[in-house]
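Structure first, commentary second.
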Amino acid sequence: MDSLLRIFPQKRRDFWKETAEKGQEVCEIRLRVDRPVVVETKRRELFLNHRGQWQENPCGAYSVEEAEIRELIAYLCQDSLYAYADEIRQGFLTVEGGHRIGLCGQAVLENESRLRTLKNISFVNIRVSHEVKGAADKILPQLYRGGRFQNTLIVSPPGFGKTTLLRDLIRQLSDGNAYGPGLRVGVVDERSELAGAYRGRPQNDLGMRTDVLDACPKALGMLLLLRSMSPQVIAVDELGEDADIRALHKAAACGCRLLATIHGTDEKDAARRLGIDEICRMFDRIVILKGRGLMECRCLEGD
């Protein structure tokens, strides 16, 4: 994965070469000052020795120095932290290839509730972007009725492939599939995870009829898309705020189909967060993820 290797400054690429070559296995790379590098794969947690080779034991593993974190951030921001201030304030950067760089350090507040920026960044989490085309193949036929896509809510704990599934559903809705024609899909990508946009251009394939609003709060973004792009489907990841629900109601009232996700373990957990009445009012299908590739779909309308 060349895009993964390009995350790092040129002088450090030999060290990261093995990790980049095995990039399809990598989910996250965690860098913490004065702590060993941790590479998290789908199956296990690994460490790097001083030559960048993977090892299972943390003993003797390579530890990250403060200067290395500082140089990495400067490189990712092209030596202009000011130009990337808005992204840093949100706690992440999105880079070429759709990879997302989570940042943590010392918070600088404007007031008690507003974060102005982060400084003394000491913790970095590189979330490696993976497209899995076909991830939605098994569940797709259950999300249509008479050739029409049904409003769908995906419920999943973290780490079960929720975003990967949502990304592929968006692509197949947009391009069209065996169960229905292609649709105009409006995506509000608040955390830049679905499209992995870099300088406004999606790095992941979300389909030929998809319009992406990047790094915008979901509620605000849904209303903006309704006004500007006339979507047939609105897609969002990780519902949470009351304003998100109100915006979804507005989209449904405008005739849009809905596709959304929420964190949870099952239908009851989702109901505790959204309310069972809200779920039944807005959605026709609920997909419960039980593990990577393991899912079940339930009908909420009695057909």
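Every chain in the structure tokens takes a letter, A first, then B, and so on in the order presented; its residues are numbered from 1, and the ligands are numbered from 1 following the presented order.
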### Message
Residues near Pro217 in chain A, anyone? I mean within 12 Å using only C-alpha atoms, not counting same-chain ones fewer than 5 positions away, as a list in words.
### Response
Gln90, Val187, Val188, Asp189, Glu190, Arg191, Ser192, Met222, Leu223, Leu224, Leu225, Val236, Asp237, Glu238, Leu239, Gly240, Glu241, Ala243, Asp244 and Ala247 of chain A
Do you know which residues are at most 12 Å from Leu140 in chain A counting only C-alpha atoms, after dropping those on the same chain fewer than 5 positions away, and could you put them as an mmCIF file with all heavy atoms, in the first residue's frame?
```
data_model
loop_
_atom_site.group_PDB
_atom_site.id
_atom_site.type_symbol
_atom_site.label_atom_id
_atom_site.label_comp_id
_atom_site.auth_asym_id
_atom_site.auth_seq_id
_atom_site.Cartn_x
_atom_site.Cartn_y
_atom_site.Cartn_z
ATOM 1 N N GLY A 134 -18.035 -5.531 -2.279
ATOM 2 C CA GLY A 134 -18.780 -6.771 -2.129
ATOM 3 C C GLY A 134 -19.144 -7.074 -0.694
ATOM 4 O O GLY A 134 -19.827 -8.066 -0.420
ATOM 5 N N ALA A 135 -18.722 -6.217 0.235
ATOM 6 C CA ALA A 135 -19.027 -6.453 1.653
ATOM 7 C C ALA A 135 -20.525 -6.499 1.916
ATOM 8 O O ALA A 135 -20.977 -7.135 2.867
ATOM 9 C CB ALA A 135 -18.376 -5.369 2.520
ATOM 10 N N ARG A 145 -37.476 -3.881 -1.687
ATOM 11 C CA ARG A 145 -38.847 -4.400 -1.800
ATOM 12 C C ARG A 145 -39.435 -3.859 -3.091
ATOM 13 O O ARG A 145 -39.565 -2.643 -3.254
ATOM 14 C CB ARG A 145 -39.697 -3.954 -0.603
ATOM 15 C CG ARG A 145 -41.121 -4.486 -0.640
ATOM 16 C CD ARG A 145 -41.920 -3.925 0.515
ATOM 17 N NE ARG A 145 -43.267 -4.461 0.538
ATOM 18 C CZ ARG A 145 -44.231 -4.011 1.331
ATOM 19 N NH1 ARG A 145 -43.984 -3.030 2.186
ATOM 20 N NH2 ARG A 145 -45.432 -4.545 1.287
ATOM 21 N N GLY A 147 -38.091 -3.641 -5.977
ATOM 22 C CA GLY A 147 -37.137 -2.813 -6.695
ATOM 23 C C GLY A 147 -36.836 -1.487 -6.056
ATOM 24 O O GLY A 147 -36.123 -0.660 -6.634
ATOM 25 N N ARG A 148 -37.349 -1.262 -4.833
ATOM 26 C CA ARG A 148 -37.159 0.013 -4.134
ATOM 27 C C ARG A 148 -36.356 -0.209 -2.860
ATOM 28 O O ARG A 148 -36.697 -1.085 -2.040
ATOM 29 C CB ARG A 148 -38.517 0.637 -3.802
ATOM 30 C CG ARG A 148 -38.447 1.966 -3.054
ATOM 31 C CD ARG A 148 -39.863 2.516 -2.872
ATOM 32 N NE ARG A 148 -39.908 3.656 -1.974
ATOM 33 C CZ ARG A 148 -39.656 4.908 -2.310
ATOM 34 N NH1 ARG A 148 -39.328 5.185 -3.563
ATOM 35 N NH2 ARG A 148 -39.738 5.892 -1.430
ATOM 36 N N PHE A 149 -35.296 0.564 -2.699
ATOM 37 C CA PHE A 149 -34.490 0.463 -1.495
ATOM 38 C C PHE A 149 -35.292 0.926 -0.280
ATOM 39 O O PHE A 149 -35.989 1.937 -0.322
ATOM 40 C CB PHE A 149 -33.224 1.317 -1.633
ATOM 41 C CG PHE A 149 -32.377 1.348 -0.397
ATOM 42 C CD1 PHE A 149 -31.648 0.232 -0.006
ATOM 43 C CD2 PHE A 149 -32.321 2.486 0.398
ATOM 44 C CE1 PHE A 149 -30.881 0.255 1.146
ATOM 45 C CE2 PHE A 149 -31.552 2.524 1.539
ATOM 46 C CZ PHE A 149 -30.823 1.395 1.920
ATOM 47 N N GLN A 150 -35.216 0.163 0.795
ATOM 48 C CA GLN A 150 -35.950 0.455 2.016
ATOM 49 C C GLN A 150 -35.067 1.185 3.033
ATOM 50 O O GLN A 150 -33.865 0.918 3.139
ATOM 51 C CB GLN A 150 -36.450 -0.849 2.634
ATOM 52 C CG GLN A 150 -37.341 -1.670 1.707
ATOM 53 C CD GLN A 150 -38.633 -0.941 1.371
ATOM 54 O OE1 GLN A 150 -39.533 -0.821 2.195
ATOM 55 N NE2 GLN A 150 -38.734 -0.462 0.137
ATOM 56 N N THR A 152 -32.933 1.987 5.924
ATOM 57 C CA THR A 152 -32.168 0.963 6.631
ATOM 58 C C THR A 152 -31.301 1.573 7.735
ATOM 59 O O THR A 152 -30.591 2.561 7.504
ATOM 60 C CB THR A 152 -31.265 0.188 5.649
ATOM 61 O OG1 THR A 152 -32.094 -0.460 4.672
ATOM 62 C CG2 THR A 152 -30.427 -0.853 6.370
ATOM 63 N N LEU A 165 -19.148 -1.870 5.717
ATOM 64 C CA LEU A 165 -20.428 -2.274 5.141
ATOM 65 C C LEU A 165 -21.173 -1.077 4.579
ATOM 66 O O LEU A 165 -21.697 -1.124 3.450
ATOM 67 C CB LEU A 165 -21.278 -2.970 6.202
ATOM 68 C CG LEU A 165 -22.708 -3.345 5.793
ATOM 69 C CD1 LEU A 165 -22.698 -4.351 4.649
ATOM 70 C CD2 LEU A 165 -23.489 -3.881 6.986
ATOM 71 N N LEU A 166 -21.230 0.007 5.332
ATOM 72 C CA LEU A 166 -21.937 1.203 4.880
ATOM 73 C C LEU A 166 -21.314 1.746 3.601
ATOM 74 O O LEU A 166 -22.026 2.125 2.658
ATOM 75 C CB LEU A 166 -21.908 2.270 5.982
ATOM 76 C CG LEU A 166 -22.546 3.617 5.643
ATOM 77 C CD1 LEU A 166 -24.018 3.458 5.299
ATOM 78 C CD2 LEU A 166 -22.369 4.601 6.809
ATOM 79 N N ASP A 168 -19.742 0.151 1.239
ATOM 80 C CA ASP A 168 -20.068 -0.669 0.071
ATOM 81 C C ASP A 168 -21.544 -0.565 -0.294
ATOM 82 O O ASP A 168 -21.899 -0.610 -1.475
ATOM 83 C CB ASP A 168 -19.692 -2.129 0.324
ATOM 84 C CG ASP A 168 -19.710 -2.950 -0.952
ATOM 85 O OD1 ASP A 168 -19.020 -2.545 -1.920
ATOM 86 O OD2 ASP A 168 -20.423 -3.969 -1.010
ATOM 87 N N LEU A 169 -22.413 -0.417 0.714
ATOM 88 C CA LEU A 169 -23.828 -0.199 0.414
ATOM 89 C C LEU A 169 -24.026 1.090 -0.378
ATOM 90 O O LEU A 169 -24.795 1.128 -1.351
ATOM 91 C CB LEU A 169 -24.637 -0.137 1.714
ATOM 92 C CG LEU A 169 -25.057 -1.468 2.326
ATOM 93 C CD1 LEU A 169 -25.676 -1.237 3.704
ATOM 94 C CD2 LEU A 169 -26.056 -2.194 1.427
ATOM 95 N N ILE A 170 -23.341 2.144 0.030
ATOM 96 C CA ILE A 170 -23.448 3.412 -0.691
ATOM 97 C C ILE A 170 -23.009 3.231 -2.142
ATOM 98 O O ILE A 170 -23.677 3.699 -3.083
ATOM 99 C CB ILE A 170 -22.589 4.496 0.004
ATOM 100 C CG1 ILE A 170 -23.190 4.854 1.364
ATOM 101 C CG2 ILE A 170 -22.467 5.739 -0.876
ATOM 102 C CD1 ILE A 170 -22.278 5.698 2.241
ATOM 103 N N ARG A 171 -21.894 2.551 -2.346
ATOM 104 C CA ARG A 171 -21.390 2.324 -3.707
ATOM 105 C C ARG A 171 -22.400 1.561 -4.556
ATOM 106 O O ARG A 171 -22.674 1.940 -5.713
ATOM 107 C CB ARG A 171 -20.065 1.550 -3.636
ATOM 108 C CG ARG A 171 -19.440 1.261 -4.996
ATOM 109 C CD ARG A 171 -18.204 0.381 -4.869
ATOM 110 N NE ARG A 171 -18.527 -0.955 -4.374
ATOM 111 C CZ ARG A 171 -18.950 -1.954 -5.140
ATOM 112 N NH1 ARG A 171 -19.115 -1.764 -6.453
ATOM 113 N NH2 ARG A 171 -19.222 -3.144 -4.619
ATOM 114 N N GLN A 172 -22.978 0.505 -3.995
ATOM 115 C CA GLN A 172 -23.896 -0.316 -4.784
ATOM 116 C C GLN A 172 -25.236 0.377 -5.017
ATOM 117 O O GLN A 172 -25.867 0.189 -6.065
ATOM 118 C CB GLN A 172 -24.098 -1.664 -4.093
ATOM 119 C CG GLN A 172 -22.806 -2.486 -4.004
ATOM 120 C CD GLN A 172 -23.044 -3.980 -3.998
ATOM 121 O OE1 GLN A 172 -23.823 -4.494 -4.800
ATOM 122 N NE2 GLN A 172 -22.382 -4.680 -3.091
ATOM 123 N N LEU A 173 -25.679 1.182 -4.064
ATOM 124 C CA LEU A 173 -26.883 1.984 -4.293
ATOM 125 C C LEU A 173 -26.635 2.994 -5.404
ATOM 126 O O LEU A 173 -27.500 3.231 -6.258
ATOM 127 C CB LEU A 173 -27.278 2.712 -3.010
ATOM 128 C CG LEU A 173 -27.908 1.899 -1.890
ATOM 129 C CD1 LEU A 173 -28.075 2.759 -0.639
ATOM 130 C CD2 LEU A 173 -29.253 1.342 -2.315
ATOM 131 N N GLY A 176 -26.043 1.206 -8.861
ATOM 132 C CA GLY A 176 -27.117 0.303 -9.252
ATOM 133 C C GLY A 176 -26.671 -1.134 -9.083
ATOM 134 O O GLY A 176 -25.480 -1.452 -9.075
ATOM 135 N N ASN A 177 -27.628 -2.037 -8.925
ATOM 136 C CA ASN A 177 -27.314 -3.436 -8.671
ATOM 137 C C ASN A 177 -28.449 -4.305 -9.211
ATOM 138 O O ASN A 177 -29.375 -3.797 -9.845
ATOM 139 C CB ASN A 177 -27.090 -3.667 -7.171
ATOM 140 C CG ASN A 177 -28.276 -3.206 -6.344
ATOM 141 O OD1 ASN A 177 -29.315 -3.867 -6.296
ATOM 142 N ND2 ASN A 177 -28.146 -2.049 -5.689
ATOM 143 N N ALA A 178 -28.393 -5.580 -8.937
ATOM 144 C CA ALA A 178 -29.383 -6.508 -9.492
ATOM 145 C C ALA A 178 -30.776 -6.286 -8.931
ATOM 146 O O ALA A 178 -31.765 -6.780 -9.500
ATOM 147 C CB ALA A 178 -28.944 -7.949 -9.215
ATOM 148 N N TYR A 179 -30.902 -5.529 -7.851
ATOM 149 C CA TYR A 179 -32.193 -5.394 -7.162
ATOM 150 C C TYR A 179 -32.843 -4.029 -7.366
ATOM 151 O O TYR A 179 -34.012 -3.850 -7.031
ATOM 152 C CB TYR A 179 -32.005 -5.660 -5.665
ATOM 153 C CG TYR A 179 -31.270 -6.952 -5.432
ATOM 154 C CD1 TYR A 179 -29.912 -6.948 -5.143
ATOM 155 C CD2 TYR A 179 -31.910 -8.177 -5.556
ATOM 156 C CE1 TYR A 179 -29.210 -8.130 -4.966
ATOM 157 C CE2 TYR A 179 -31.229 -9.368 -5.382
ATOM 158 C CZ TYR A 179 -29.879 -9.343 -5.090
ATOM 159 O OH TYR A 179 -29.195 -10.518 -4.922
ATOM 160 N N GLY A 180 -32.093 -3.078 -7.897
ATOM 161 C CA GLY A 180 -32.665 -1.761 -8.118
ATOM 162 C C GLY A 180 -31.732 -0.883 -8.936
ATOM 163 O O GLY A 180 -30.523 -1.146 -9.016
ATOM 164 N N ARG A 285 -35.924 -1.445 7.671
ATOM 165 C CA ARG A 285 -35.031 -2.579 7.889
ATOM 166 C C ARG A 285 -34.009 -2.208 8.962
ATOM 167 O O ARG A 285 -33.539 -1.067 9.003
ATOM 168 C CB ARG A 285 -34.273 -2.958 6.607
ATOM 169 C CG ARG A 285 -35.163 -3.285 5.409
ATOM 170 C CD ARG A 285 -35.842 -4.640 5.579
ATOM 171 N NE ARG A 285 -36.549 -5.037 4.363
ATOM 172 C CZ ARG A 285 -37.820 -4.766 4.128
ATOM 173 N NH1 ARG A 285 -38.533 -4.048 5.008
ATOM 174 N NH2 ARG A 285 -38.399 -5.181 3.002
ATOM 175 N N VAL A 287 -30.344 -3.798 10.371
ATOM 176 C CA VAL A 287 -29.285 -4.791 10.173
ATOM 177 C C VAL A 287 -28.429 -4.810 11.435
ATOM 178 O O VAL A 287 -27.891 -3.782 11.843
ATOM 179 C CB VAL A 287 -28.427 -4.447 8.944
ATOM 180 C CG1 VAL A 287 -27.276 -5.445 8.797
ATOM 181 C CG2 VAL A 287 -29.279 -4.426 7.677
ATOM 182 N N MET A 295 -24.037 -10.995 10.028
ATOM 183 C CA MET A 295 -25.081 -9.999 10.186
ATOM 184 C C MET A 295 -26.439 -10.624 9.963
ATOM 185 O O MET A 295 -26.576 -11.681 9.342
ATOM 186 C CB MET A 295 -24.862 -8.840 9.203
ATOM 187 C CG MET A 295 -24.940 -9.243 7.738
ATOM 188 S SD MET A 295 -24.375 -7.938 6.603
ATOM 189 C CE MET A 295 -22.608 -8.274 6.565
ATOM 190 N N GLU A 296 -27.449 -9.975 10.506
ATOM 191 C CA GLU A 296 -28.822 -10.393 10.246
ATOM 192 C C GLU A 296 -29.682 -9.161 10.002
ATOM 193 O O GLU A 296 -29.422 -8.086 10.533
ATOM 194 C CB GLU A 296 -29.389 -11.217 11.410
ATOM 195 C CG GLU A 296 -29.515 -10.466 12.717
ATOM 196 C CD GLU A 296 -30.099 -11.330 13.829
ATOM 197 O OE1 GLU A 296 -29.547 -12.426 14.083
ATOM 198 O OE2 GLU A 296 -31.106 -10.917 14.414
ATOM 199 N N CYS A 297 -30.690 -9.332 9.159
ATOM 200 C CA CYS A 297 -31.577 -8.227 8.802
ATOM 201 C C CYS A 297 -32.984 -8.536 9.291
ATOM 202 O O CYS A 297 -33.485 -9.638 9.093
ATOM 203 C CB CYS A 297 -31.568 -8.026 7.299
ATOM 204 S SG CYS A 297 -32.661 -6.694 6.728
#
```
Where does range 10-54 of chain A meet range 108-131 of chain A within 9 Å, residue by residue, with the nearest atom pair and distance in Å to one decimal for each, counting only C-alpha atoms, listed by chain and rising number, as JSON lines?
```
{"residue": "A:Gly23", "atom": "CA", "partner": "A:Val128", "partner_atom": "CA", "distance": 7.8}
{"residue": "A:Gln24", "atom": "CA", "partner": "A:His130", "partner_atom": "CA", "distance": 7.4}
{"residue": "A:Val26", "atom": "CA", "partner": "A:Val128", "partner_atom": "CA", "distance": 6.7}
{"residue": "A:Cys27", "atom": "CA", "partner": "A:Val128", "partner_atom": "CA", "distance": 5.4}
{"residue": "A:Glu28", "atom": "CA", "partner": "A:Arg127", "partner_atom": "CA", "distance": 4.6}
{"residue": "A:Ile29", "atom": "CA", "partner": "A:Ile126", "partner_atom": "CA", "distance": 4.9}
{"residue": "A:Arg30", "atom": "CA", "partner": "A:Asn125", "partner_atom": "CA", "distance": 4.6}
{"residue": "A:Leu31", "atom": "CA", "partner": "A:Val124", "partner_atom": "CA", "distance": 5.0}
{"residue": "A:Arg32", "atom": "CA", "partner": "A:Phe123", "partner_atom": "CA", "distance": 4.6}
{"residue": "A:Val33", "atom": "CA", "partner": "A:Ser122", "partner_atom": "CA", "distance": 5.5}
```
Export, as a PDB file, in the first residue's frame, the selected residues with N, CA and C atoms.
```pdb
ATOM      1  N   GLY A  23       0.081  -4.003   4.467  1.00  0.00           N
ATOM      2  CA  GLY A  23      -0.959  -3.039   4.805  1.00  0.00           C
ATOM      3  C   GLY A  23      -2.374  -3.581   4.786  1.00  0.00           C
ATOM      4  N   GLN A  24      -2.648  -4.593   3.943  1.00  0.00           N
ATOM      5  CA  GLN A  24      -3.997  -5.138   3.882  1.00  0.00           C
ATOM      6  C   GLN A  24      -4.387  -5.824   5.186  1.00  0.00           C
ATOM      7  N   VAL A  26      -3.378  -4.618   8.175  1.00  0.00           N
ATOM      8  CA  VAL A  26      -3.288  -3.628   9.252  1.00  0.00           C
ATOM      9  C   VAL A  26      -4.587  -2.853   9.401  1.00  0.00           C
ATOM     10  N   CYS A  27      -5.081  -2.769  10.631  1.00  0.00           N
ATOM     11  CA  CYS A  27      -6.241  -1.931  10.945  1.00  0.00           C
ATOM     12  C   CYS A  27      -5.802  -0.572  11.498  1.00  0.00           C
ATOM     13  N   GLU A  28      -4.876  -0.592  12.443  1.00  0.00           N
ATOM     14  CA  GLU A  28      -4.414   0.638  13.085  1.00  0.00           C
ATOM     15  C   GLU A  28      -2.928   0.531  13.410  1.00  0.00           C
ATOM     16  N   ILE A  29      -2.268   1.698  13.398  1.00  0.00           N
ATOM     17  CA  ILE A  29      -0.893   1.824  13.873  1.00  0.00           C
ATOM     18  C   ILE A  29      -0.907   2.888  14.959  1.00  0.00           C
ATOM     19  N   ARG A  30      -0.484   2.512  16.153  1.00  0.00           N
ATOM     20  CA  ARG A  30      -0.545   3.442  17.288  1.00  0.00           C
ATOM     21  C   ARG A  30       0.860   3.848  17.723  1.00  0.00           C
ATOM     22  N   LEU A  31       1.079   5.162  17.724  1.00  0.00           N
ATOM     23  CA  LEU A  31       2.356   5.737  18.140  1.00  0.00           C
ATOM     24  C   LEU A  31       2.134   6.541  19.414  1.00  0.00           C
ATOM     25  N   ARG A  32       2.890   6.223  20.450  1.00  0.00           N
ATOM     26  CA  ARG A  32       2.788   6.922  21.728  1.00  0.00           C
ATOM     27  C   ARG A  32       4.202   7.272  22.195  1.00  0.00           C
ATOM     28  N   VAL A  33       4.410   8.500  22.597  1.00  0.00           N
ATOM     29  CA  VAL A  33       5.748   8.940  23.008  1.00  0.00           C
ATOM     30  C   VAL A  33       6.273   8.060  24.137  1.00  0.00           C
TER      31      VAL A  33
END
```
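Scanning range 104-187 of chain A with DSSP on the backbone, the helix (DSSP H, G or I) assignments fall on Leu140, Pro141, Gln142, Leu143, Lys162, Thr163, Thr164, Leu165, Leu166, Arg167, Asp168, Leu169, Ile170, Arg171, Gln172, Leu173, Ser174 and Asp175 of chain A.
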Any chance you can output those residues with all heavy atoms as a compact mmCIF listing (two decimals), in the first residue's frame?
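Writing done, so here's part_19.txt:
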```
# COMPACT_ATOMS: atom_id res chain seq x y z
N LEU A 140 -27.66 -7.23 0.78
CA LEU A 140 -28.30 -6.31 -0.16
C LEU A 140 -29.71 -6.74 -0.59
O LEU A 140 -30.63 -5.91 -0.58
CB LEU A 140 -27.40 -6.12 -1.38
CG LEU A 140 -27.75 -4.94 -2.30
CD1 LEU A 140 -27.54 -3.61 -1.58
CD2 LEU A 140 -26.87 -4.99 -3.56
N PRO A 141 -29.95 -8.00 -0.97
CA PRO A 141 -31.30 -8.37 -1.44
C PRO A 141 -32.39 -8.17 -0.40
O PRO A 141 -33.56 -7.97 -0.76
CB PRO A 141 -31.16 -9.84 -1.83
CG PRO A 141 -29.87 -10.31 -1.27
CD PRO A 141 -29.00 -9.12 -1.09
N GLN A 142 -32.02 -8.21 0.88
CA GLN A 142 -33.03 -8.05 1.93
C GLN A 142 -33.39 -6.58 2.18
O GLN A 142 -34.32 -6.30 2.94
CB GLN A 142 -32.51 -8.66 3.23
CG GLN A 142 -32.22 -10.16 3.12
CD GLN A 142 -31.67 -10.72 4.40
OE1 GLN A 142 -32.33 -10.69 5.45
NE2 GLN A 142 -30.44 -11.23 4.34
N LEU A 143 -32.65 -5.67 1.55
CA LEU A 143 -32.88 -4.24 1.76
C LEU A 143 -33.75 -3.62 0.67
O LEU A 143 -33.95 -2.40 0.66
CB LEU A 143 -31.54 -3.50 1.85
CG LEU A 143 -30.55 -4.04 2.89
CD1 LEU A 143 -29.31 -3.15 2.94
CD2 LEU A 143 -31.20 -4.14 4.27
N LYS A 162 -18.77 -1.97 10.54
CA LYS A 162 -19.95 -1.15 10.22
C LYS A 162 -19.67 -0.16 9.10
O LYS A 162 -20.45 -0.05 8.14
CB LYS A 162 -20.37 -0.42 11.50
CG LYS A 162 -21.25 0.79 11.32
CD LYS A 162 -21.56 1.45 12.65
CE LYS A 162 -20.34 1.96 13.37
NZ LYS A 162 -19.67 3.09 12.64
N THR A 163 -18.56 0.57 9.21
CA THR A 163 -18.26 1.59 8.21
C THR A 163 -17.91 0.95 6.87
O THR A 163 -18.27 1.47 5.81
CB THR A 163 -17.12 2.49 8.70
OG1 THR A 163 -17.51 3.09 9.96
CG2 THR A 163 -16.81 3.58 7.71
N THR A 164 -17.23 -0.18 6.90
CA THR A 164 -16.91 -0.90 5.66
C THR A 164 -18.19 -1.35 4.96
O THR A 164 -18.32 -1.21 3.73
CB THR A 164 -16.03 -2.12 5.98
OG1 THR A 164 -14.82 -1.68 6.60
CG2 THR A 164 -15.71 -2.91 4.72
N LEU A 165 -19.15 -1.87 5.72
CA LEU A 165 -20.43 -2.27 5.14
C LEU A 165 -21.17 -1.08 4.58
O LEU A 165 -21.70 -1.12 3.45
CB LEU A 165 -21.28 -2.97 6.20
CG LEU A 165 -22.71 -3.34 5.79
CD1 LEU A 165 -22.70 -4.35 4.65
CD2 LEU A 165 -23.49 -3.88 6.99
N LEU A 166 -21.23 0.01 5.33
CA LEU A 166 -21.94 1.20 4.88
C LEU A 166 -21.31 1.75 3.60
O LEU A 166 -22.03 2.12 2.66
CB LEU A 166 -21.91 2.27 5.98
CG LEU A 166 -22.55 3.62 5.64
CD1 LEU A 166 -24.02 3.46 5.30
CD2 LEU A 166 -22.37 4.60 6.81
N ARG A 167 -19.99 1.77 3.54
CA ARG A 167 -19.30 2.28 2.36
C ARG A 167 -19.69 1.48 1.11
O ARG A 167 -19.96 2.05 0.05
CB ARG A 167 -17.79 2.22 2.59
CG ARG A 167 -16.97 2.87 1.48
CD ARG A 167 -15.48 2.69 1.75
NE ARG A 167 -15.06 3.41 2.93
CZ ARG A 167 -14.44 2.85 3.98
NH1 ARG A 167 -14.18 1.55 3.99
NH2 ARG A 167 -14.08 3.58 5.02
N ASP A 168 -19.74 0.15 1.24
CA ASP A 168 -20.07 -0.67 0.07
C ASP A 168 -21.54 -0.57 -0.29
O ASP A 168 -21.90 -0.61 -1.48
CB ASP A 168 -19.69 -2.13 0.32
CG ASP A 168 -19.71 -2.95 -0.95
OD1 ASP A 168 -19.02 -2.55 -1.92
OD2 ASP A 168 -20.42 -3.97 -1.01
N LEU A 169 -22.41 -0.42 0.71
CA LEU A 169 -23.83 -0.20 0.41
C LEU A 169 -24.03 1.09 -0.38
O LEU A 169 -24.80 1.13 -1.35
CB LEU A 169 -24.64 -0.14 1.71
CG LEU A 169 -25.06 -1.47 2.33
CD1 LEU A 169 -25.68 -1.24 3.70
CD2 LEU A 169 -26.06 -2.19 1.43
N ILE A 170 -23.34 2.14 0.03
CA ILE A 170 -23.45 3.41 -0.69
C ILE A 170 -23.01 3.23 -2.14
O ILE A 170 -23.68 3.70 -3.08
CB ILE A 170 -22.59 4.50 0.00
CG1 ILE A 170 -23.19 4.85 1.36
CG2 ILE A 170 -22.47 5.74 -0.88
CD1 ILE A 170 -22.28 5.70 2.24
N ARG A 171 -21.89 2.55 -2.35
CA ARG A 171 -21.39 2.32 -3.71
C ARG A 171 -22.40 1.56 -4.56
O ARG A 171 -22.67 1.94 -5.71
CB ARG A 171 -20.07 1.55 -3.64
CG ARG A 171 -19.44 1.26 -5.00
CD ARG A 171 -18.20 0.38 -4.87
NE ARG A 171 -18.53 -0.96 -4.37
CZ ARG A 171 -18.95 -1.95 -5.14
NH1 ARG A 171 -19.12 -1.76 -6.45
NH2 ARG A 171 -19.22 -3.14 -4.62
N GLN A 172 -22.98 0.50 -4.00
CA GLN A 172 -23.90 -0.32 -4.78
C GLN A 172 -25.24 0.38 -5.02
O GLN A 172 -25.87 0.19 -6.06
CB GLN A 172 -24.10 -1.66 -4.09
CG GLN A 172 -22.81 -2.49 -4.00
CD GLN A 172 -23.04 -3.98 -4.00
OE1 GLN A 172 -23.82 -4.49 -4.80
NE2 GLN A 172 -22.38 -4.68 -3.09
N LEU A 173 -25.68 1.18 -4.06
CA LEU A 173 -26.88 1.98 -4.29
C LEU A 173 -26.64 2.99 -5.40
O LEU A 173 -27.50 3.23 -6.26
CB LEU A 173 -27.28 2.71 -3.01
CG LEU A 173 -27.91 1.90 -1.89
CD1 LEU A 173 -28.07 2.76 -0.64
CD2 LEU A 173 -29.25 1.34 -2.31
N SER A 174 -25.49 3.61 -5.39
CA SER A 174 -25.16 4.65 -6.35
C SER A 174 -24.97 4.10 -7.76
O SER A 174 -25.49 4.66 -8.74
CB SER A 174 -23.88 5.36 -5.89
OG SER A 174 -23.46 6.31 -6.84
N ASP A 175 -24.26 3.00 -7.89
CA ASP A 175 -23.98 2.44 -9.22
C ASP A 175 -25.15 1.62 -9.76
O ASP A 175 -25.22 1.37 -10.97
CB ASP A 175 -22.74 1.56 -9.16
CG ASP A 175 -21.46 2.37 -9.04
OD1 ASP A 175 -21.50 3.59 -9.28
OD2 ASP A 175 -20.41 1.78 -8.71
```
### Message
Taking only range 163-199 of chain A into account, list the residues labelled strand (DSSP E) by DSSP (computed from the backbone), as a VMD selection string.
### Response
chain A and resid 185 to 189
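CA of Val155 in chain A lies 5.8 Å from CA of His263 in chain A.
Atom pair CA of Leu93 in chain A / CA of Arg246 in chain A: separated by 28.7 Å.
Counting only C-alpha atoms, range 193-200 of chain A has the following residues at most 6 Å away, ignoring those fewer than 6 positions along the same chain: Val95, Glu96, Gly98 and Arg167 of chain A.
Closest approach to Arg281 in chain A among A:Asn151, A:Asn49, A:Thr41, A:Gln55: A:Asn151, based on only C-alpha atoms.
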### Query
Which residues, written as an MDAnalysis selection string, have at least one atom at most 7 Å from Ser63 in chain A, with only C-alpha atoms counted and residues fewer than 4 positions away on the same chain left out?
chainID A and resid 34:37
### Task
Skip Leu294 in chain A itself and residues of its chain fewer than 4 positions away, then list as a VMD selection string all residues within 10 Å of it, counting only C-alpha atoms.
chain A and resid 138 to 139 160 to 161 288 to 290
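What separates CA of Glu25 in chain A from CA of Arg43 in chain A is a distance of 8.7 Å.
Here the question is which of A:Ala20, A:Cys59, A:Val39, A:Lys133 gets nearest to Asp205 in chain A using only C-alpha atoms, and that residue is A:Lys133.
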